[in-house]
$ cat structure-v5.cif   # mmCIF, C-alpha atoms
data_run
loop_
_atom_site.label_atom_id
_atom_site.label_comp_id
_atom_site.auth_asym_id
_atom_site.auth_seq_id
_atom_site.Cartn_x
_atom_site.Cartn_y
_atom_site.Cartn_z
CA MET A 1 94.93 68.16 146.13
CA LEU A 2 94.16 71.02 143.81
CA ALA A 3 91.53 72.50 146.10
CA PHE A 4 93.64 75.61 146.63
CA LEU A 5 92.81 76.54 143.05
CA ASN A 6 89.24 77.24 144.14
CA ASP A 7 90.44 80.35 145.90
CA PRO A 8 89.83 83.21 143.47
CA GLY A 9 92.94 85.02 144.64
CA VAL A 10 95.21 82.09 143.82
CA LEU A 11 93.56 81.42 140.46
CA HIS A 12 93.68 85.06 139.41
CA GLY A 13 97.28 85.29 140.57
CA ILE A 14 98.21 82.37 138.35
CA VAL A 15 96.34 83.93 135.43
CA VAL A 16 98.05 87.29 135.93
CA LEU A 17 101.50 85.70 136.18
CA GLY A 18 101.00 83.53 133.11
CA THR A 19 99.64 86.31 130.96
CA LEU A 20 102.42 88.65 132.12
CA ILE A 21 105.01 86.07 131.08
CA LEU A 22 103.28 85.61 127.74
CA PHE A 23 103.07 89.38 127.27
CA PHE A 24 106.77 89.85 127.89
CA ILE A 25 107.67 86.95 125.61
CA GLY A 26 105.73 88.87 122.95
CA LEU A 27 107.57 92.08 123.86
CA TYR A 28 110.88 90.28 123.54
CA GLY A 29 109.85 89.03 120.11
CA LEU A 30 108.85 92.55 119.13
CA LEU A 31 112.16 94.04 120.22
CA ALA A 32 114.71 91.33 119.50
CA LYS A 33 113.55 89.77 116.25
CA ARG A 34 114.41 91.57 113.06
CA HIS A 35 112.24 89.78 110.54
CA LEU A 36 109.03 91.72 109.89
CA LEU A 37 106.75 88.70 110.20
CA LYS A 38 108.36 87.68 113.48
CA VAL A 39 107.80 91.18 114.83
CA LEU A 40 104.13 90.87 113.89
CA ILE A 41 103.95 87.49 115.61
CA GLY A 42 105.33 89.17 118.73
CA ILE A 43 102.58 91.79 118.58
CA ALA A 44 100.00 89.04 118.13
CA LEU A 45 101.35 87.24 121.21
CA MET A 46 101.01 90.41 123.28
CA GLU A 47 97.43 90.82 122.08
CA LEU A 48 96.69 87.23 122.95
CA SER A 49 97.96 87.60 126.48
CA VAL A 50 95.64 90.55 127.03
CA TYR A 51 92.65 88.50 125.84
CA LEU A 52 93.63 85.70 128.21
CA LEU A 53 93.99 88.15 131.08
CA PHE A 54 90.53 89.64 130.47
CA ILE A 55 88.82 86.27 130.24
CA GLY A 56 90.74 84.82 133.16
CA LEU A 57 90.07 87.69 135.52
CA ALA A 58 86.39 87.93 134.57
CA THR A 59 85.67 84.44 135.87
CA SER A 60 85.87 83.30 139.46
CA PRO A 61 85.79 79.65 140.51
CA GLY A 62 82.23 78.35 140.71
CA GLU A 63 80.85 80.66 138.08
CA THR A 64 79.47 79.25 134.86
CA ALA A 65 79.53 80.64 131.35
CA PRO A 66 76.89 83.36 131.01
CA ILE A 67 74.61 81.18 128.90
CA LEU A 68 71.31 79.61 129.91
CA SER A 69 71.55 75.96 128.98
CA ASP A 70 71.96 72.54 130.57
CA GLY A 71 69.20 73.13 133.08
CA LEU A 72 70.27 76.60 134.21
CA ARG A 73 67.23 78.77 134.73
CA SER A 74 68.44 82.16 135.92
CA PHE A 75 71.31 84.52 135.29
CA THR A 76 73.00 84.13 138.66
CA HIS A 77 76.47 82.89 139.59
CA MET A 78 77.66 83.51 136.07
CA ALA A 79 80.84 85.02 134.72
CA ASP A 80 80.85 88.67 133.78
CA PRO A 81 79.69 88.85 130.13
CA VAL A 82 81.17 92.27 129.35
CA PRO A 83 84.88 91.27 129.15
CA GLN A 84 83.90 88.27 127.07
CA ALA A 85 82.01 90.45 124.61
CA LEU A 86 84.92 92.91 124.47
CA THR A 87 87.38 90.08 123.86
CA LEU A 88 85.17 88.66 121.14
CA THR A 89 85.28 91.92 119.23
CA ALA A 90 88.95 92.47 120.01
CA ILE A 91 89.90 89.09 118.53
CA VAL A 92 88.24 89.98 115.23
CA ILE A 93 89.85 93.42 115.18
CA GLY A 94 93.21 91.84 116.03
CA LEU A 95 92.85 89.38 113.17
CA ALA A 96 92.06 92.14 110.70
CA VAL A 97 94.86 94.42 111.86
CA LEU A 98 97.34 91.55 111.85
CA ALA A 99 96.29 90.70 108.30
CA LEU A 100 96.79 94.33 107.30
CA GLY A 101 100.24 94.38 108.89
CA VAL A 102 101.25 91.13 107.23
CA SER A 103 100.12 92.39 103.86
CA LEU A 104 102.13 95.60 104.37
CA ALA A 105 105.15 93.44 105.17
CA ILE A 106 104.58 91.23 102.13
CA GLN A 107 104.21 94.27 99.90
CA TYR A 108 107.41 95.79 101.29
CA HIS A 109 109.25 92.56 100.67
CA ARG A 110 107.84 92.36 97.18
CA LEU A 111 108.99 95.89 96.37
CA THR A 112 112.44 95.84 97.93
CA GLY A 113 113.33 92.19 98.48
CA ARG A 114 114.07 92.82 102.15
CA ALA A 115 112.23 91.80 105.29
CA ASP A 116 114.61 93.09 107.93
CA VAL A 117 113.41 95.77 110.33
CA ALA A 118 116.92 97.19 110.63
CA SER A 119 117.05 97.84 106.89
CA LEU A 120 113.85 99.86 106.74
CA THR A 121 115.79 103.03 105.92
CA GLU A 122 113.88 104.45 102.94
CA LEU A 123 112.61 107.45 104.88
CA LYS A 124 115.76 108.03 106.89
CA GLU A 125 117.39 111.44 106.64
CA PRO A 126 120.72 111.27 104.85
CA ARG A 127 123.55 112.18 107.16
CA MET B 1 119.78 76.79 112.91
CA THR B 2 120.97 74.10 115.27
CA GLY B 3 124.58 74.93 114.58
CA VAL B 4 124.26 78.40 116.03
CA PRO B 5 124.94 78.49 119.77
CA LEU B 6 122.16 79.70 122.03
CA ARG B 7 124.17 82.76 123.04
CA LYS B 8 124.11 84.01 119.46
CA ARG B 9 120.42 83.39 118.94
CA VAL B 10 119.26 85.29 122.04
CA SER B 11 120.06 88.97 122.15
CA VAL B 12 121.03 89.43 125.78
CA LYS B 13 120.59 93.20 125.93
CA THR B 14 117.01 93.04 124.73
CA LEU B 15 116.27 90.16 127.06
CA LEU B 16 117.58 92.16 130.00
CA LEU B 17 115.53 95.18 128.90
CA VAL B 18 112.38 93.06 128.68
CA LEU B 19 113.06 91.53 132.07
CA LEU B 20 113.52 95.01 133.51
CA CYS B 21 110.21 96.09 131.95
CA GLY B 22 108.52 93.01 133.37
CA TRP B 23 109.97 93.61 136.83
CA LEU B 24 108.91 97.26 136.82
CA PHE B 25 105.42 96.34 135.65
CA ALA B 26 105.09 93.64 138.29
CA ALA B 27 106.25 96.11 140.94
CA LEU B 28 103.66 98.63 139.73
CA LEU B 29 100.98 95.94 139.88
CA GLY B 30 102.08 95.08 143.39
CA VAL B 31 101.57 98.68 144.41
CA LEU B 32 98.29 99.11 142.55
CA LEU B 33 96.68 95.87 143.69
CA GLN B 34 96.68 97.04 147.30
CA PHE B 35 93.96 99.53 146.48
CA GLY B 36 90.40 99.23 145.35
CA LEU B 37 89.87 95.51 145.58
CA ASP B 38 87.89 95.45 148.81
CA GLY B 39 85.55 98.28 147.86
CA GLN B 40 84.31 96.58 144.71
CA SER B 41 80.73 95.52 145.33
CA ALA B 42 79.19 95.22 141.86
CA SER B 43 80.26 95.51 138.25
CA VAL B 44 78.53 96.48 135.02
CA GLY B 45 78.41 92.81 134.14
CA ASP B 46 76.39 91.97 137.24
CA ALA B 47 73.88 94.68 136.43
CA LEU B 48 73.63 93.48 132.84
CA LEU B 49 73.20 89.87 133.95
CA GLU B 50 70.35 90.91 136.24
CA ARG B 51 68.56 92.68 133.40
CA ASN B 52 69.45 90.14 130.77
CA ALA B 53 66.11 88.33 130.87
CA GLU B 54 64.48 91.34 129.19
CA THR B 55 66.33 90.57 125.93
CA ALA B 56 65.05 86.96 125.98
CA SER B 57 68.46 85.84 124.72
CA ALA B 58 69.80 82.75 126.46
CA ASN B 59 73.38 83.85 125.78
CA ALA B 60 74.25 86.89 127.84
CA VAL B 61 77.41 87.57 125.84
CA THR B 62 75.34 87.83 122.68
CA SER B 63 72.92 90.28 124.26
CA VAL B 64 75.88 92.41 125.36
CA VAL B 65 77.51 92.30 121.93
CA VAL B 66 74.39 92.88 119.86
CA SER B 67 72.00 94.73 122.12
CA TYR B 68 73.60 96.61 125.00
CA ARG B 69 76.86 97.31 123.17
CA GLY B 70 75.49 97.03 119.64
CA PHE B 71 76.82 100.41 118.65
CA ASP B 72 80.36 99.30 119.49
CA THR B 73 79.84 96.23 117.34
CA LEU B 74 78.87 98.46 114.44
CA GLY B 75 82.10 100.42 114.85
CA GLU B 76 84.06 97.22 115.14
CA VAL B 77 82.61 95.82 111.92
CA THR B 78 83.59 99.13 110.33
CA VAL B 79 87.19 98.66 111.45
CA LEU B 80 87.14 95.17 109.95
CA PHE B 81 85.80 96.64 106.71
CA LEU B 82 88.55 99.27 106.65
CA ALA B 83 91.24 96.64 107.21
CA ALA B 84 89.80 94.48 104.42
CA THR B 85 89.74 97.53 102.14
CA GLY B 86 93.35 98.32 102.97
CA ILE B 87 94.43 94.77 102.18
CA GLY B 88 92.52 94.90 98.92
CA LEU B 89 94.26 98.17 98.10
CA LEU B 90 97.69 96.72 98.87
CA PHE B 91 97.26 93.58 96.85
CA GLY B 92 95.06 94.92 94.09
CA GLY B 93 97.52 97.51 92.82
CA ARG B 94 100.03 97.33 90.02
CA ARG B 95 102.60 94.59 90.53
CA PRO B 96 106.10 94.18 89.13
CA ALA B 97 106.23 92.74 85.65
CA ASP B 98 108.19 89.66 86.68
CA GLY B 99 105.52 88.72 89.18
CA GLY B 100 107.58 89.84 92.14
CA ILE B 101 109.49 87.60 94.46
CA LEU B 102 106.51 85.72 95.72
CA GLY B 103 104.82 85.09 92.41
CA ALA B 104 106.74 81.99 91.44
CA SER B 105 104.64 79.41 93.25
CA GLY B 106 102.86 77.64 90.44
CA THR B 107 102.63 74.18 91.93
CA PRO B 108 99.21 72.58 91.83
CA PRO B 109 97.65 71.63 95.20
CA ASN B 110 98.30 68.05 96.18
CA GLU B 111 95.73 65.30 96.15
CA MET B 112 95.25 65.14 99.92
CA VAL B 113 94.28 68.81 100.08
CA VAL B 114 91.88 68.52 97.16
CA THR B 115 90.11 65.44 98.53
CA GLY B 116 90.06 66.72 102.08
CA VAL B 117 88.58 70.04 101.08
CA ARG B 118 85.95 68.31 98.96
CA LEU B 119 84.87 66.44 102.09
CA LEU B 120 85.20 69.37 104.49
CA PHE B 121 83.72 72.22 102.48
CA PRO B 122 79.99 71.46 102.95
CA ILE B 123 80.51 70.48 106.60
CA LEU B 124 82.34 73.72 107.33
CA ILE B 125 79.63 75.78 105.64
CA LEU B 126 76.96 73.93 107.61
CA LEU B 127 78.83 74.40 110.89
CA GLY B 128 79.31 78.08 110.14
CA VAL B 129 75.64 78.66 109.42
CA TYR B 130 74.70 76.70 112.56
CA VAL B 131 77.06 78.75 114.72
CA VAL B 132 75.70 82.00 113.28
CA LEU B 133 72.04 81.07 113.69
CA HIS B 134 72.44 79.75 117.24
CA GLY B 135 74.37 82.80 118.40
CA HIS B 136 71.67 83.74 120.91
CA LEU B 137 71.37 80.22 122.32
CA SER B 138 74.84 78.72 122.55
CA PRO B 139 78.46 79.84 122.41
CA GLY B 140 79.02 81.32 119.00
CA GLY B 141 77.50 83.99 116.87
CA GLY B 142 78.11 86.13 113.86
CA PHE B 143 81.82 86.69 114.31
CA GLN B 144 82.79 83.09 114.95
CA GLY B 145 80.43 81.62 112.37
CA GLY B 146 81.43 84.18 109.78
CA VAL B 147 85.08 83.28 110.22
CA ILE B 148 84.24 79.55 109.91
CA ILE B 149 82.42 80.19 106.62
CA ALA B 150 85.33 82.29 105.37
CA THR B 151 87.71 79.46 106.30
CA ALA B 152 85.67 77.07 104.18
CA PHE B 153 86.06 79.34 101.18
CA PHE B 154 89.75 79.82 101.95
CA LEU B 155 90.31 76.06 101.91
CA ARG B 156 88.41 75.83 98.65
CA MET B 157 90.62 78.56 97.17
CA LEU B 158 93.71 76.65 98.31
CA ALA B 159 92.52 73.39 96.81
CA ASP B 160 91.21 74.73 93.55
CA PRO B 161 93.37 77.42 91.92
CA ALA B 162 90.65 78.14 89.38
CA PHE B 163 88.15 79.00 92.11
CA ARG B 164 87.95 82.71 92.61
CA LEU B 165 85.68 84.89 94.69
CA GLU B 166 83.80 87.43 92.66
CA HIS B 167 84.68 90.75 94.16
CA GLY B 168 81.53 92.45 92.94
CA ARG B 169 79.30 89.91 94.61
CA ILE B 170 81.35 89.95 97.83
CA GLY B 171 81.11 93.74 97.91
CA LEU B 172 77.36 93.62 97.35
CA LEU B 173 76.92 91.07 100.15
CA GLU B 174 79.07 93.17 102.46
CA SER B 175 77.31 96.44 101.80
CA LEU B 176 73.83 94.88 101.99
CA SER B 177 74.53 93.28 105.36
CA GLY B 178 76.21 96.42 106.66
CA SER B 179 73.33 98.66 105.68
CA GLY B 180 70.93 96.02 107.03
CA PHE B 181 72.65 96.35 110.40
CA VAL B 182 72.26 100.14 110.36
CA LEU B 183 68.68 99.83 109.13
CA MET B 184 67.83 97.49 112.03
CA GLY B 185 69.37 100.00 114.41
CA LEU B 186 67.40 102.89 112.97
CA LEU B 187 64.16 100.86 113.01
CA GLY B 188 64.79 100.17 116.68
CA LEU B 189 65.40 103.88 117.19
CA THR B 190 62.03 104.81 115.69
CA LEU B 191 59.79 101.89 116.67
CA VAL B 192 60.79 101.23 120.28
CA GLY B 193 59.28 103.50 122.90
CA THR B 194 62.55 104.09 124.68
CA ALA B 195 64.14 105.21 121.38
CA THR B 196 67.41 103.32 121.61
CA PHE B 197 69.61 102.52 118.65
CA LEU B 198 69.29 98.79 117.94
CA GLY B 199 66.22 98.59 120.17
CA ASN B 200 64.43 95.26 120.10
CA PHE B 201 61.31 96.15 118.10
CA LEU B 202 60.22 92.60 117.32
CA PRO B 203 58.24 90.65 119.93
CA HIS B 204 60.58 88.88 122.31
CA PRO B 205 58.59 87.16 125.06
CA VAL B 206 60.73 85.86 127.89
CA ALA B 207 58.80 82.58 127.87
CA GLU B 208 60.27 81.77 124.47
CA MET B 209 63.83 82.01 125.73
CA GLY B 210 65.93 79.12 124.46
CA ARG B 211 63.99 78.59 121.25
CA LEU B 212 65.55 79.22 117.85
CA LEU B 213 62.95 81.86 117.05
CA SER B 214 63.28 84.09 120.08
CA ALA B 215 64.99 87.24 121.28
CA GLY B 216 63.46 89.44 118.57
CA VAL B 217 66.01 91.23 116.43
CA ILE B 218 69.12 89.76 118.06
CA PRO B 219 69.45 86.69 115.78
CA ILE B 220 68.68 88.81 112.71
CA ILE B 221 71.38 91.35 113.55
CA TYR B 222 73.85 88.60 114.40
CA SER B 223 73.16 86.87 111.08
CA LEU B 224 73.85 90.15 109.28
CA VAL B 225 77.09 90.46 111.25
CA GLY B 226 77.91 86.88 110.28
CA VAL B 227 77.40 87.55 106.57
CA LYS B 228 79.46 90.72 106.79
CA VAL B 229 82.34 89.15 108.73
CA GLY B 230 82.33 86.10 106.47
CA ALA B 231 82.42 88.21 103.33
CA GLU B 232 85.17 90.47 104.64
CA VAL B 233 87.44 87.72 105.94
CA ALA B 234 86.91 85.73 102.75
CA ALA B 235 87.83 88.85 100.78
CA ILE B 236 91.01 89.21 102.87
CA PHE B 237 91.96 85.58 102.16
CA GLY B 238 91.07 86.02 98.50
CA ASP B 239 93.19 89.14 98.15
CA MET B 240 96.16 87.39 99.70
CA LEU B 241 95.83 84.42 97.35
CA GLU B 242 94.98 86.43 94.28
CA ARG B 243 98.55 86.56 93.02
CA ASP B 244 98.34 82.87 92.14
CA ALA B 245 94.91 83.07 90.64
CA ARG B 246 95.69 86.06 88.47
CA GLN B 247 98.71 84.46 86.91
CA SER B 248 96.99 81.26 85.90
CA ALA B 249 95.05 81.83 82.73
CA ASP B 250 92.05 79.74 83.81
CA PRO B 251 88.62 81.32 83.50
CA PRO B 252 87.14 82.39 86.83
CA VAL B 253 84.66 80.02 88.43
CA GLU B 254 81.71 81.72 90.04
CA ALA B 255 81.28 81.44 93.76
CA SER B 256 77.68 80.37 93.45
CA ASP B 257 76.99 79.80 97.13
CA ALA B 258 78.98 82.65 98.58
#
$ encode --input "structure-v5.cif" --output "structure tokens"
Amino acid sequence: MLAFLNDPGVLHGIVVLGTLILFFIGLYGLLAKRHLLKVLIGIALMELSVYLLFIGLATSPGETAPILSDGLRSFTHMADPVPQALTLTAIVIGLAVLALGVSLAIQYHRLTGRADVASLTELKEPR
Amino acid sequence: MTGVPLRKRVSVKTLLLVLLCGWLFAALLGVLLQFGLDGQSASVGDALLERNAETASANAVTSVVVSYRGFDTLGEVTVLFLAATGIGLLFGGRRPADGGILGASGTPPNEMVVTGVRLLFPILILLGVYVVLHGHLSPGGGFQGGVIIATAFFLRMLADPAFRLEHGRIGLLESLSGSGFVLMGLLGLTLVGTATFLGNFLPHPVAEMGRLLSAGVIPIIYSLVGVKVGAEVAAIFGDMLERDARQSADPPVEASDA
């Protein structure tokens, strides 16, 4: 019944649609939410959708993980390892940058008692 | 939260803007996807997969991360280090005298957490070390294993308020593994005939592929990455929790097996 999923075009189309939806959910969170931590969660969602897109598009149906095990003897019919390696490093970078952003937000809240993006007016020019 | 109607919780203007962005992006994709798909015959990944047997690493992702793109990994570990330094700077500075808004949590961890962590801590450390050491054989490697080890220490810090990471020792571990990475790269640059940074200067016969001791320098470099990532992420967690630890007057307990 699900044989149509073996068509790479269909599978990649589903991946692109899903990650696009996830990306724009993240964008909505970034734009509409006013709490600093929620904004950061929106950014993290957008990051996540890009990772999913990379991994999803790098693999076609019938390809295995690029690892020799379980009786595999040669590096053929395997998924592209380069996007996987890039995603691996990007996840770690994303974690570190997210942690830095969260600690900036925590420090701001500790100093001012506010966590609302709309009230970040310390550097605003007085009218 | 439930009392607020949905119309008030969703900002319609932003939603419309996001939908417009999504529609425009999808339209752009629709235009772009008509070009270039049929002419694609081979990718970098295919070429790397063909050559991958020369690294004698059973995991092609690992040989890309550590060998072919090892220089990128070095830069990436540097970014991680910078982020950890920034977090340390933010949380290590002078704090308000009243302990700030967040400093009031003085509740001891509950019994479930303490017992669970006592059970989980050695298993998590073991799993982390396994994942790091088998990075060239199975899914995993320095980044994943390092984060698992850091998680073990994070749980321990949650369960035991008196447990504190020694920043001096963490820094030493971090700098040793970082300079070990660079040293390995420079050794590869001088010892290998092709003179590539991070060249595989140890013997790596293809026949040994799949064994624990194979692939030459790849497991060594990945272990160094694992130590570095573990130390940095643990330092991030430690910095974020430090506010509790600093306020309790308990003497610091040494992280003997960090």
$ interface_residues --input "structure-v5.cif" --of "chain A" --to "chain B" --cutoff "7 Å" --atoms "only C-alpha atoms" --output "mmCIF file with C-alpha atoms, keeping the file's coordinate frame"
data_model
loop_
_atom_site.group_PDB
_atom_site.id
_atom_site.type_symbol
_atom_site.label_atom_id
_atom_site.label_comp_id
_atom_site.auth_asym_id
_atom_site.auth_seq_id
_atom_site.Cartn_x
_atom_site.Cartn_y
_atom_site.Cartn_z
ATOM 1 C CA PHE A 24 106.770 89.850 127.890
ATOM 2 C CA LEU A 27 107.570 92.080 123.860
ATOM 3 C CA TYR A 28 110.880 90.280 123.540
ATOM 4 C CA LEU A 31 112.160 94.040 120.220
ATOM 5 C CA ALA A 32 114.710 91.330 119.500
ATOM 6 C CA PRO A 66 76.890 83.360 131.010
ATOM 7 C CA ILE A 67 74.610 81.180 128.900
ATOM 8 C CA LEU A 68 71.310 79.610 129.910
ATOM 9 C CA PHE A 75 71.310 84.520 135.290
ATOM 10 C CA ASP A 80 80.850 88.670 133.780
ATOM 11 C CA PRO A 81 79.690 88.850 130.130
ATOM 12 C CA VAL A 82 81.170 92.270 129.350
ATOM 13 C CA GLN A 84 83.900 88.270 127.070
ATOM 14 C CA ALA A 85 82.010 90.450 124.610
ATOM 15 C CA THR A 89 85.280 91.920 119.230
ATOM 16 C CA ILE A 93 89.850 93.420 115.180
ATOM 17 C CA ALA A 96 92.060 92.140 110.700
ATOM 18 C CA VAL A 97 94.860 94.420 111.860
ATOM 19 C CA LEU A 100 96.790 94.330 107.300
ATOM 20 C CA SER A 103 100.120 92.390 103.860
ATOM 21 C CA ARG A 110 107.840 92.360 97.180
#
$ residues_around --input "structure-v5.cif" --residues "Val117 in chain A" --least-positions-apart "6" --cutoff "7 Å" --atoms "only C-alpha atoms" --output "list in words"
Arg34, His35 and Leu36 of chain A
$ atom_distance --input "structure-v5.cif" --atom1 "CA of Ala44 in chain A" --atom2 "CA of Leu74 in chain B"
23.4 Å
$ atom_distance --input "structure-v5.cif" --atom1 "CA of Val129 in chain B" --atom2 "CA of Ile91 in chain A"
19.9 Å
$ axis_aligned_box --input "structure-v5.cif" --around "range 23-28 of chain A" --padding-each-side "6 Å" --output "lines of an AutoDock Vina configuration file"
center_x = 107.0
center_y = 89.5
center_z = 125.4
size_x = 19.8
size_y = 17.1
size_z = 16.9
$ atom_distance --input "structure-v5.cif" --atom1 "CA of Leu52 in chain A" --atom2 "CA of Ala65 in chain A"
15.3 Å
$ closest_residue --input "structure-v5.cif" --among "A:Ile21, A:Leu123, A:Ser49, A:Thr64" --to "Thr87 in chain A" --atoms "all atoms listed in the file"
A:Ser49
$ resolve_selection --input "structure-v5.cif" --expression "the PyMOL selection byres ((chain B and resi 116-124) around 8)" --output "MDAnalysis selection string"
chainID B and resid 112:115 125:128 148:149 151:153 155:156 159
$ residues_around --input "structure-v5.cif" --residues "range 3-17 of chain A" --least-positions-apart "4" --cutoff "8 Å" --atoms "only C-alpha atoms" --output "mmCIF file with C-alpha atoms, keeping the file's coordinate frame"
data_model
loop_
_atom_site.group_PDB
_atom_site.id
_atom_site.type_symbol
_atom_site.label_atom_id
_atom_site.label_comp_id
_atom_site.auth_asym_id
_atom_site.auth_seq_id
_atom_site.Cartn_x
_atom_site.Cartn_y
_atom_site.Cartn_z
ATOM 1 C CA ILE A 21 105.010 86.070 131.080
ATOM 2 C CA LEU A 52 93.630 85.700 128.210
ATOM 3 C CA LEU A 53 93.990 88.150 131.080
ATOM 4 C CA GLY A 56 90.740 84.820 133.160
ATOM 5 C CA LEU A 57 90.070 87.690 135.520
ATOM 6 C CA SER A 60 85.870 83.300 139.460
ATOM 7 C CA PRO A 61 85.790 79.650 140.510
ATOM 8 C CA GLY A 62 82.230 78.350 140.710
#
$ closest_residue --input "structure-v5.cif" --among "B:Arg211, B:His134, B:Arg164, B:Lys8" --to "Gly238 in chain B" --atoms "only C-alpha atoms"
B:Arg164
$ residues_near_point --input "structure-v5.cif" --point "(62.0, 99.5, 118.5)" --cutoff "10 Å" --atoms "only C-alpha atoms" --output "list in words"
Met184, Gly185, Leu186, Leu187, Gly188, Leu189, Thr190, Leu191, Val192, Gly193, Thr194, Ala195, Thr196, Phe197, Leu198, Gly199, Asn200, Phe201, Leu202, Pro203 and Val217 of chain B
